[in-house]
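Here's the structure we're looking at; comments come further down.
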Amino acid sequence: KVVTYTLPALQGSQKDNYSLTAPEVKADITPAPLTLADAAIAAKTYDGTTGTAVESVTFEGLQNNEALIKDTDYTAAAAFKDANAGDDKAATLTVNLMANDKTANYTLEEPETIVVKGSIAKATPAYELPKARTAVYGQTLKDVALPQGFSWQDPEDTAVGNAGSNTFKATYTPADTANYQTVADIEVSIEVSKATPAYERPKDLTAVYGQTLKD
């Protein structure tokens, strides 16, 4: 690169007999080295994949209070070591400088990856609400079967209530509890029908000819 500079003024009694001509001077400017200092990644919800969004990257070596902007000056991608839900999980973050006038002044030193920590939250499982649950007056929740994964929150000996539509709460426990949340307070309706009352048939009834049913 050409260096612009100012010649010094001539001094002395003979200065008027001389003139200075500035030669062209060139110099190399070496790009400043950058290293990855830290990064922040977004928390994610379990989806079976390892990738997660990068929120910001901190660089060491930037000059003159410069800042690099994600997706303008650099790209960054992060991936957890596995896809399972958990807290304080290690993720590998990879950074690449984009080509522009600002980044031309820097060189990203190896390694271009760092390990950061983040979390994967358990996902809410998909489930189908239990329908068409029926019972007879006098029965209990134990008599009302639920689909696989569901359980009543009230004790099984809880009465289903009076005839009509009654609502109780159930809990859904997914098969994969490591990556999916247990869902509580799911309202399930039970249609309670009238019961047939127990009775004893009258026996050994007698009458005399000429009497009526009143007798």
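Labeling convention for the structure tokens: chains A, B, ... as they appear, residues from 1 per chain, ligands from 1 in order of appearance.
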
Show me, as JSON lines, the residues of stretch 83-137 of chain A having an atom within 10 Å of stretch 189-195 of chain A, each with the closest atom pair and its distance in Å, using only C-alpha atoms.
{"residue": "A:Leu129", "atom": "CA", "partner": "A:Ser189", "partner_atom": "CA", "distance": 9.9}
{"residue": "A:Pro130", "atom": "CA", "partner": "A:Ser189", "partner_atom": "CA", "distance": 8.3}
{"residue": "A:Lys131", "atom": "CA", "partner": "A:Ser189", "partner_atom": "CA", "distance": 7.3}
{"residue": "A:Ala132", "atom": "CA", "partner": "A:Ile190", "partner_atom": "CA", "distance": 7.3}
{"residue": "A:Arg133", "atom": "CA", "partner": "A:Ile190", "partner_atom": "CA", "distance": 4.9}
{"residue": "A:Thr134", "atom": "CA", "partner": "A:Glu191", "partner_atom": "CA", "distance": 4.8}
{"residue": "A:Ala135", "atom": "CA", "partner": "A:Val192", "partner_atom": "CA", "distance": 4.8}
{"residue": "A:Val136", "atom": "CA", "partner": "A:Ser193", "partner_atom": "CA", "distance": 4.8}
{"residue": "A:Tyr137", "atom": "CA", "partner": "A:Ala195", "partner_atom": "CA", "distance": 5.2}

What would the file look like if the residues just selected were written as a tab-separated table (two decimals), in the first residue's frame with N, CA, C and O atoms?
chain	number	residue	atom	x	y	z
A	129	LEU	N	-56.76	-36.10	22.79
A	129	LEU	CA	-57.59	-36.02	23.98
A	129	LEU	C	-58.53	-37.23	24.07
A	129	LEU	O	-59.22	-37.56	23.10
A	130	PRO	N	-58.54	-37.92	25.20
A	130	PRO	CA	-59.46	-39.06	25.35
A	130	PRO	C	-60.91	-38.62	25.19
A	130	PRO	O	-61.34	-37.63	25.79
A	131	LYS	N	-61.64	-39.33	24.37
A	131	LYS	CA	-63.05	-39.00	24.11
A	131	LYS	C	-63.91	-40.24	24.34
A	131	LYS	O	-63.41	-41.34	24.49
A	132	ALA	N	-65.22	-40.01	24.35
A	132	ALA	CA	-66.21	-41.09	24.46
A	132	ALA	C	-65.96	-41.95	25.69
A	132	ALA	O	-66.06	-43.17	25.64
A	133	ARG	N	-65.61	-41.32	26.81
A	133	ARG	CA	-65.47	-42.06	28.07
A	133	ARG	C	-66.86	-42.16	28.71
A	133	ARG	O	-67.56	-41.16	28.87
A	134	THR	N	-67.27	-43.35	29.06
A	134	THR	CA	-68.59	-43.57	29.62
A	134	THR	C	-68.50	-44.35	30.93
A	134	THR	O	-67.54	-45.08	31.18
A	135	ALA	N	-69.52	-44.18	31.75
A	135	ALA	CA	-69.61	-44.90	33.02
A	135	ALA	C	-71.08	-44.95	33.44
A	135	ALA	O	-71.94	-44.29	32.85
A	136	VAL	N	-71.33	-45.73	34.44
A	136	VAL	CA	-72.68	-45.86	35.00
A	136	VAL	C	-72.65	-45.30	36.42
A	136	VAL	O	-71.66	-45.49	37.15
A	137	TYR	N	-73.71	-44.62	36.78
A	137	TYR	CA	-73.79	-44.05	38.12
A	137	TYR	C	-73.45	-45.12	39.16
A	137	TYR	O	-73.97	-46.23	39.12

Extract, using only C-alpha atoms, all DNA, RNA and protein residues at most 7 Å from stretch 157-162 of chain A, discarding same-chain residues fewer than 5 positions from it, and format them as a PyMOL selection string. chain A and resi 137-142+192

### Message
Can you measure atom CA of A:Pro31 to atom CA of A:Ala104 for me? One decimal in Å is fine.
### Response
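Atom CA of A:Pro31 sits 7.0 Å away from atom CA of A:Ala104.
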
Judged by only C-alpha atoms, the minimum distance to A:Ala91 among A:Gln63, A:Ala42, A:Thr103, A:Ala121 is found for A:Ala42

What is the atom CA of A:Thr171 to atom CA of A:Asp185 distance in Å?
->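 Between these atoms lies a distance of 6.1 Å.
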
Check your understanding: Out of A:Pro202, A:Pro147, A:Gly48, A:Pro8, which residue has the shortest atom-to-atom distance to A:Asn179 when counting only C-alpha atoms?
Key ->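 Nearest to A:Asn179: A:Gly48.
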
- as a list of chain:residue names, which residues of stretch 95-159 of chain A does DSSP assign to helix (DSSP H, G or I)?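 After running DSSP on the backbone, stretch 95-159 of chain A has helix (DSSP H, G or I) at A:Thr103, A:Ala104, A:Asn105, A:Leu141, A:Lys142, A:Asp143.
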
Go ahead and write the selection's residues with N, CA and C atoms as a compact mmCIF listing (two decimals), in the first residue's frame.
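part-v2.txt, freshly written:
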# COMPACT_ATOMS: atom_id res chain seq x y z
N THR A 103 -13.48 -6.92 7.23
CA THR A 103 -12.86 -8.20 7.60
C THR A 103 -11.54 -8.43 6.87
N ALA A 104 -11.30 -7.66 5.79
CA ALA A 104 -10.01 -7.80 5.10
C ALA A 104 -8.85 -7.39 6.00
N ASN A 105 -9.15 -6.67 7.07
CA ASN A 105 -8.11 -6.22 7.99
C ASN A 105 -7.81 -7.22 9.10
N LEU A 141 -63.57 -44.05 39.02
CA LEU A 141 -62.64 -43.79 37.92
C LEU A 141 -61.89 -45.06 37.52
N LYS A 142 -61.74 -45.99 38.43
CA LYS A 142 -61.08 -47.25 38.11
C LYS A 142 -61.83 -48.00 37.02
N ASP A 143 -63.12 -47.75 36.92
CA ASP A 143 -63.94 -48.44 35.92
C ASP A 143 -63.89 -47.76 34.55

Next on the checklist: If I take atom CA of A:Tyr46 and atom CA of A:Gln148, how far is one from the other in Å, to one decimal?
Outcome noted: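 We find that atom CA of A:Tyr46 and atom CA of A:Gln148 lie 22.5 Å from each other.
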
Env of A:Ala170: 6 Å cut, atoms = only C-alpha atoms, seq-sep filter 5 positions within chain, self excluded. Answer as a list of chain:residue names.
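Listed by chain and then number, they are A:Ser151, A:Trp152, A:Gln153, A:Asp185, A:Ile186.
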
So that I have them on file, write out the residues from the current selection with N, CA, C and O atoms, as a PDB file, in the first residue's frame.
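Result file follows (selection.pdb):
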ATOM      1  N   SER A 151     -53.409 -41.204  32.774  1.00  0.00           N
ATOM      2  CA  SER A 151     -53.800 -41.690  34.094  1.00  0.00           C
ATOM      3  C   SER A 151     -54.641 -40.626  34.773  1.00  0.00           C
ATOM      4  O   SER A 151     -54.457 -39.419  34.542  1.00  0.00           O
ATOM      5  N   TRP A 152     -55.569 -41.066  35.606  1.00  0.00           N
ATOM      6  CA  TRP A 152     -56.399 -40.116  36.354  1.00  0.00           C
ATOM      7  C   TRP A 152     -55.573 -39.466  37.457  1.00  0.00           C
ATOM      8  O   TRP A 152     -54.742 -40.115  38.096  1.00  0.00           O
ATOM      9  N   GLN A 153     -55.810 -38.179  37.684  1.00  0.00           N
ATOM     10  CA  GLN A 153     -55.116 -37.497  38.758  1.00  0.00           C
ATOM     11  C   GLN A 153     -55.780 -37.748  40.108  1.00  0.00           C
ATOM     12  O   GLN A 153     -55.111 -37.757  41.142  1.00  0.00           O
ATOM     13  N   ASP A 185     -53.253 -31.925  34.227  1.00  0.00           N
ATOM     14  CA  ASP A 185     -54.485 -31.119  34.219  1.00  0.00           C
ATOM     15  C   ASP A 185     -55.203 -31.135  32.867  1.00  0.00           C
ATOM     16  O   ASP A 185     -55.738 -30.113  32.423  1.00  0.00           O
ATOM     17  N   ILE A 186     -55.197 -32.288  32.224  1.00  0.00           N
ATOM     18  CA  ILE A 186     -55.954 -32.452  30.978  1.00  0.00           C
ATOM     19  C   ILE A 186     -57.387 -32.803  31.345  1.00  0.00           C
ATOM     20  O   ILE A 186     -57.634 -33.798  32.039  1.00  0.00           O
TER      21      ILE A 186
END

**OP:** Using only C-alpha atoms, find the one residue out of A:Lys70, A:Lys214, A:Lys169, A:Lys44 that sits nearest to A:Ser56.
**Re:**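 Ranking A:Lys70, A:Lys214, A:Lys169, A:Lys44 by distance to A:Ser56, first place goes to A:Lys70.
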
Please build the interface table for stretch 18-94 of chain A against stretch 113-120 of chain A with a cut-off of 12 Å, listing for each qualifying residue the nearest atom pair and the distance in Å to one decimal; count only C-alpha atoms, order rows by chain and increasing number, and write it as JSON lines.
{"residue": "A:Thr35", "atom": "CA", "partner": "A:Thr113", "partner_atom": "CA", "distance": 9.6}
{"residue": "A:Leu36", "atom": "CA", "partner": "A:Ile114", "partner_atom": "CA", "distance": 7.0}
{"residue": "A:Ala37", "atom": "CA", "partner": "A:Ile114", "partner_atom": "CA", "distance": 8.3}
{"residue": "A:Asp38", "atom": "CA", "partner": "A:Val116", "partner_atom": "CA", "distance": 7.5}
{"residue": "A:Ala39", "atom": "CA", "partner": "A:Val116", "partner_atom": "CA", "distance": 6.7}
{"residue": "A:Ala40", "atom": "CA", "partner": "A:Val116", "partner_atom": "CA", "distance": 7.5}
{"residue": "A:Ile41", "atom": "CA", "partner": "A:Gly118", "partner_atom": "CA", "distance": 6.4}
{"residue": "A:Ala42", "atom": "CA", "partner": "A:Gly118", "partner_atom": "CA", "distance": 7.2}
{"residue": "A:Ala43", "atom": "CA", "partner": "A:Ser119", "partner_atom": "CA", "distance": 5.3}
{"residue": "A:Lys44", "atom": "CA", "partner": "A:Ile120", "partner_atom": "CA", "distance": 5.0}
{"residue": "A:Thr45", "atom": "CA", "partner": "A:Ile120", "partner_atom": "CA", "distance": 5.2}
{"residue": "A:Tyr46", "atom": "CA", "partner": "A:Ile120", "partner_atom": "CA", "distance": 5.8}
{"residue": "A:Asp47", "atom": "CA", "partner": "A:Ile120", "partner_atom": "CA", "distance": 9.1}
{"residue": "A:Gly48", "atom": "CA", "partner": "A:Ile120", "partner_atom": "CA", "distance": 10.3}
{"residue": "A:Thr49", "atom": "CA", "partner": "A:Ile120", "partner_atom": "CA", "distance": 10.3}
{"residue": "A:Thr50", "atom": "CA", "partner": "A:Ile120", "partner_atom": "CA", "distance": 9.3}
{"residue": "A:Gly51", "atom": "CA", "partner": "A:Ile120", "partner_atom": "CA", "distance": 10.5}
{"residue": "A:Thr52", "atom": "CA", "partner": "A:Ile120", "partner_atom": "CA", "distance": 9.2}
{"residue": "A:Ala53", "atom": "CA", "partner": "A:Gly118", "partner_atom": "CA", "distance": 10.6}
{"residue": "A:Val54", "atom": "CA", "partner": "A:Val116", "partner_atom": "CA", "distance": 10.5}
{"residue": "A:Glu55", "atom": "CA", "partner": "A:Gly118", "partner_atom": "CA", "distance": 11.5}
{"residue": "A:Ser56", "atom": "CA", "partner": "A:Val116", "partner_atom": "CA", "distance": 11.6}
{"residue": "A:Val57", "atom": "CA", "partner": "A:Ile114", "partner_atom": "CA", "distance": 10.3}
{"residue": "A:Thr58", "atom": "CA", "partner": "A:Ile114", "partner_atom": "CA", "distance": 11.1}
{"residue": "A:Phe59", "atom": "CA", "partner": "A:Ile114", "partner_atom": "CA", "distance": 11.5}
{"residue": "A:Thr75", "atom": "CA", "partner": "A:Thr113", "partner_atom": "CA", "distance": 11.9}
{"residue": "A:Ala76", "atom": "CA", "partner": "A:Thr113", "partner_atom": "CA", "distance": 9.5}
{"residue": "A:Ala77", "atom": "CA", "partner": "A:Thr113", "partner_atom": "CA", "distance": 9.6}
{"residue": "A:Ala78", "atom": "CA", "partner": "A:Val116", "partner_atom": "CA", "distance": 8.8}
{"residue": "A:Ala79", "atom": "CA", "partner": "A:Val115", "partner_atom": "CA", "distance": 9.7}
{"residue": "A:Phe80", "atom": "CA", "partner": "A:Gly118", "partner_atom": "CA", "distance": 8.2}
{"residue": "A:Lys81", "atom": "CA", "partner": "A:Val115", "partner_atom": "CA", "distance": 10.0}
{"residue": "A:Asp82", "atom": "CA", "partner": "A:Ile120", "partner_atom": "CA", "distance": 10.0}
{"residue": "A:Ala83", "atom": "CA", "partner": "A:Ile120", "partner_atom": "CA", "distance": 8.0}
{"residue": "A:Asn84", "atom": "CA", "partner": "A:Ile120", "partner_atom": "CA", "distance": 7.1}
{"residue": "A:Ala85", "atom": "CA", "partner": "A:Ile120", "partner_atom": "CA", "distance": 4.6}
{"residue": "A:Gly86", "atom": "CA", "partner": "A:Ile120", "partner_atom": "CA", "distance": 5.2}
{"residue": "A:Asp87", "atom": "CA", "partner": "A:Ser119", "partner_atom": "CA", "distance": 4.4}
{"residue": "A:Asp88", "atom": "CA", "partner": "A:Gly118", "partner_atom": "CA", "distance": 5.2}
{"residue": "A:Lys89", "atom": "CA", "partner": "A:Gly118", "partner_atom": "CA", "distance": 5.3}
{"residue": "A:Ala90", "atom": "CA", "partner": "A:Lys117", "partner_atom": "CA", "distance": 4.7}
{"residue": "A:Ala91", "atom": "CA", "partner": "A:Val116", "partner_atom": "CA", "distance": 5.3}
{"residue": "A:Thr92", "atom": "CA", "partner": "A:Val115", "partner_atom": "CA", "distance": 4.6}
{"residue": "A:Leu93", "atom": "CA", "partner": "A:Thr113", "partner_atom": "CA", "distance": 5.3}
{"residue": "A:Thr94", "atom": "CA", "partner": "A:Thr113", "partner_atom": "CA", "distance": 4.4}

Atoms kept (N, CA and C atoms) for selection, written as a short mmCIF file (atom, residue, chain, number, x, y, z; two decimals), in the first residue's frame:
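Dumped to part_27.cif:
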data_model
loop_
_atom_site.label_atom_id
_atom_site.label_comp_id
_atom_site.auth_asym_id
_atom_site.auth_seq_id
_atom_site.Cartn_x
_atom_site.Cartn_y
_atom_site.Cartn_z
N THR A 35 -9.09 -13.95 17.52
CA THR A 35 -9.39 -15.25 18.15
C THR A 35 -10.81 -15.21 18.70
N LEU A 36 -11.40 -16.37 18.82
CA LEU A 36 -12.75 -16.48 19.39
C LEU A 36 -12.65 -16.50 20.90
N ALA A 37 -13.31 -15.53 21.54
CA ALA A 37 -13.25 -15.43 23.00
C ALA A 37 -14.45 -16.11 23.66
N ASP A 38 -15.62 -15.88 23.12
CA ASP A 38 -16.83 -16.42 23.75
C ASP A 38 -17.97 -16.30 22.75
N ALA A 39 -19.09 -16.91 23.09
CA ALA A 39 -20.26 -16.83 22.23
C ALA A 39 -21.49 -17.15 23.06
N ALA A 40 -22.63 -16.71 22.56
CA ALA A 40 -23.91 -17.01 23.19
C ALA A 40 -24.79 -17.72 22.17
N ILE A 41 -25.35 -18.85 22.58
CA ILE A 41 -26.23 -19.60 21.70
C ILE A 41 -27.63 -19.59 22.29
N ALA A 42 -28.61 -19.75 21.41
CA ALA A 42 -30.00 -19.71 21.83
C ALA A 42 -30.41 -21.02 22.48
N ALA A 43 -31.22 -20.91 23.53
CA ALA A 43 -31.82 -22.12 24.09
C ALA A 43 -32.83 -22.66 23.09
N LYS A 44 -32.95 -23.96 23.02
CA LYS A 44 -33.88 -24.55 22.07
C LYS A 44 -34.73 -25.60 22.76
N THR A 45 -35.79 -25.96 22.10
CA THR A 45 -36.67 -27.03 22.57
C THR A 45 -36.37 -28.28 21.76
N TYR A 46 -36.38 -29.40 22.42
CA TYR A 46 -36.04 -30.67 21.76
C TYR A 46 -36.84 -30.86 20.48
N ASP A 47 -36.11 -31.14 19.39
CA ASP A 47 -36.75 -31.44 18.10
C ASP A 47 -36.06 -32.58 17.38
N GLY A 48 -35.15 -33.26 18.08
CA GLY A 48 -34.47 -34.40 17.47
C GLY A 48 -33.24 -34.01 16.67
N THR A 49 -32.91 -32.71 16.61
CA THR A 49 -31.72 -32.26 15.88
C THR A 49 -30.74 -31.60 16.85
N THR A 50 -29.49 -31.45 16.42
CA THR A 50 -28.46 -30.86 17.29
C THR A 50 -28.23 -29.38 17.04
N GLY A 51 -28.63 -28.87 15.91
CA GLY A 51 -28.34 -27.48 15.56
C GLY A 51 -29.10 -26.50 16.43
N THR A 52 -28.48 -25.33 16.69
CA THR A 52 -29.14 -24.27 17.44
C THR A 52 -28.64 -22.92 16.93
N ALA A 53 -29.43 -21.89 17.15
CA ALA A 53 -29.08 -20.56 16.65
C ALA A 53 -27.98 -19.93 17.49
N VAL A 54 -27.13 -19.14 16.83
CA VAL A 54 -26.07 -18.39 17.50
C VAL A 54 -26.56 -16.95 17.69
N GLU A 55 -26.51 -16.48 18.92
CA GLU A 55 -26.98 -15.12 19.20
C GLU A 55 -25.86 -14.09 19.01
N SER A 56 -24.66 -14.40 19.47
CA SER A 56 -23.55 -13.45 19.33
C SER A 56 -22.23 -14.16 19.52
N VAL A 57 -21.17 -13.52 19.01
CA VAL A 57 -19.81 -14.04 19.16
C VAL A 57 -18.92 -12.90 19.63
N THR A 58 -18.06 -13.19 20.59
CA THR A 58 -17.09 -12.21 21.09
C THR A 58 -15.71 -12.55 20.54
N PHE A 59 -15.08 -11.54 19.91
CA PHE A 59 -13.75 -11.72 19.33
C PHE A 59 -12.70 -10.99 20.17
N THR A 75 -20.18 -15.46 9.64
CA THR A 75 -21.24 -16.44 9.82
C THR A 75 -20.87 -17.33 11.00
N ALA A 76 -21.88 -17.82 11.67
CA ALA A 76 -21.64 -18.68 12.84
C ALA A 76 -22.71 -19.75 12.90
N ALA A 77 -22.29 -20.94 13.23
CA ALA A 77 -23.22 -22.06 13.39
C ALA A 77 -22.82 -22.85 14.62
N ALA A 78 -23.82 -23.39 15.32
CA ALA A 78 -23.54 -24.15 16.53
C ALA A 78 -24.33 -25.45 16.51
N ALA A 79 -23.74 -26.48 17.10
CA ALA A 79 -24.40 -27.78 17.17
C ALA A 79 -24.05 -28.44 18.49
N PHE A 80 -25.08 -28.91 19.18
CA PHE A 80 -24.85 -29.68 20.40
C PHE A 80 -24.25 -31.03 20.03
N LYS A 81 -23.59 -31.63 21.01
CA LYS A 81 -22.96 -32.93 20.76
C LYS A 81 -23.98 -34.04 20.61
N ASP A 82 -25.16 -33.85 21.17
CA ASP A 82 -26.26 -34.78 20.94
C ASP A 82 -27.56 -34.00 20.99
N ALA A 83 -28.64 -34.63 20.55
CA ALA A 83 -29.91 -33.93 20.40
C ALA A 83 -30.80 -34.01 21.63
N ASN A 84 -30.39 -34.73 22.67
CA ASN A 84 -31.26 -34.95 23.82
C ASN A 84 -31.42 -33.70 24.68
N ALA A 85 -32.55 -33.61 25.36
CA ALA A 85 -32.82 -32.48 26.24
C ALA A 85 -31.88 -32.51 27.44
N GLY A 86 -31.55 -31.31 27.93
CA GLY A 86 -30.67 -31.22 29.10
C GLY A 86 -30.17 -29.80 29.29
N ASP A 87 -29.65 -29.54 30.48
CA ASP A 87 -29.08 -28.22 30.80
C ASP A 87 -27.56 -28.28 30.76
N ASP A 88 -26.97 -27.12 30.53
CA ASP A 88 -25.51 -26.97 30.55
C ASP A 88 -24.84 -27.99 29.62
N LYS A 89 -25.38 -28.08 28.41
CA LYS A 89 -24.87 -29.02 27.42
C LYS A 89 -23.80 -28.35 26.55
N ALA A 90 -22.79 -29.12 26.19
CA ALA A 90 -21.71 -28.60 25.34
C ALA A 90 -22.17 -28.53 23.88
N ALA A 91 -21.80 -27.43 23.24
CA ALA A 91 -22.09 -27.25 21.82
C ALA A 91 -20.83 -26.69 21.15
N THR A 92 -20.57 -27.14 19.94
CA THR A 92 -19.42 -26.65 19.17
C THR A 92 -19.88 -25.54 18.25
N LEU A 93 -19.21 -24.40 18.35
CA LEU A 93 -19.55 -23.23 17.53
C LEU A 93 -18.44 -22.99 16.51
N THR A 94 -18.84 -22.83 15.26
CA THR A 94 -17.90 -22.61 14.16
C THR A 94 -18.15 -21.24 13.55
#

Give the answer as one residue: which of A:Val25, A:Ala198, A:Ala99, A:Leu108 has the shortest atom-to-atom distance to A:Gly61, using only C-alpha atoms?
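Ranking A:Val25, A:Ala198, A:Ala99, A:Leu108 by distance to A:Gly61, first place goes to A:Leu108.
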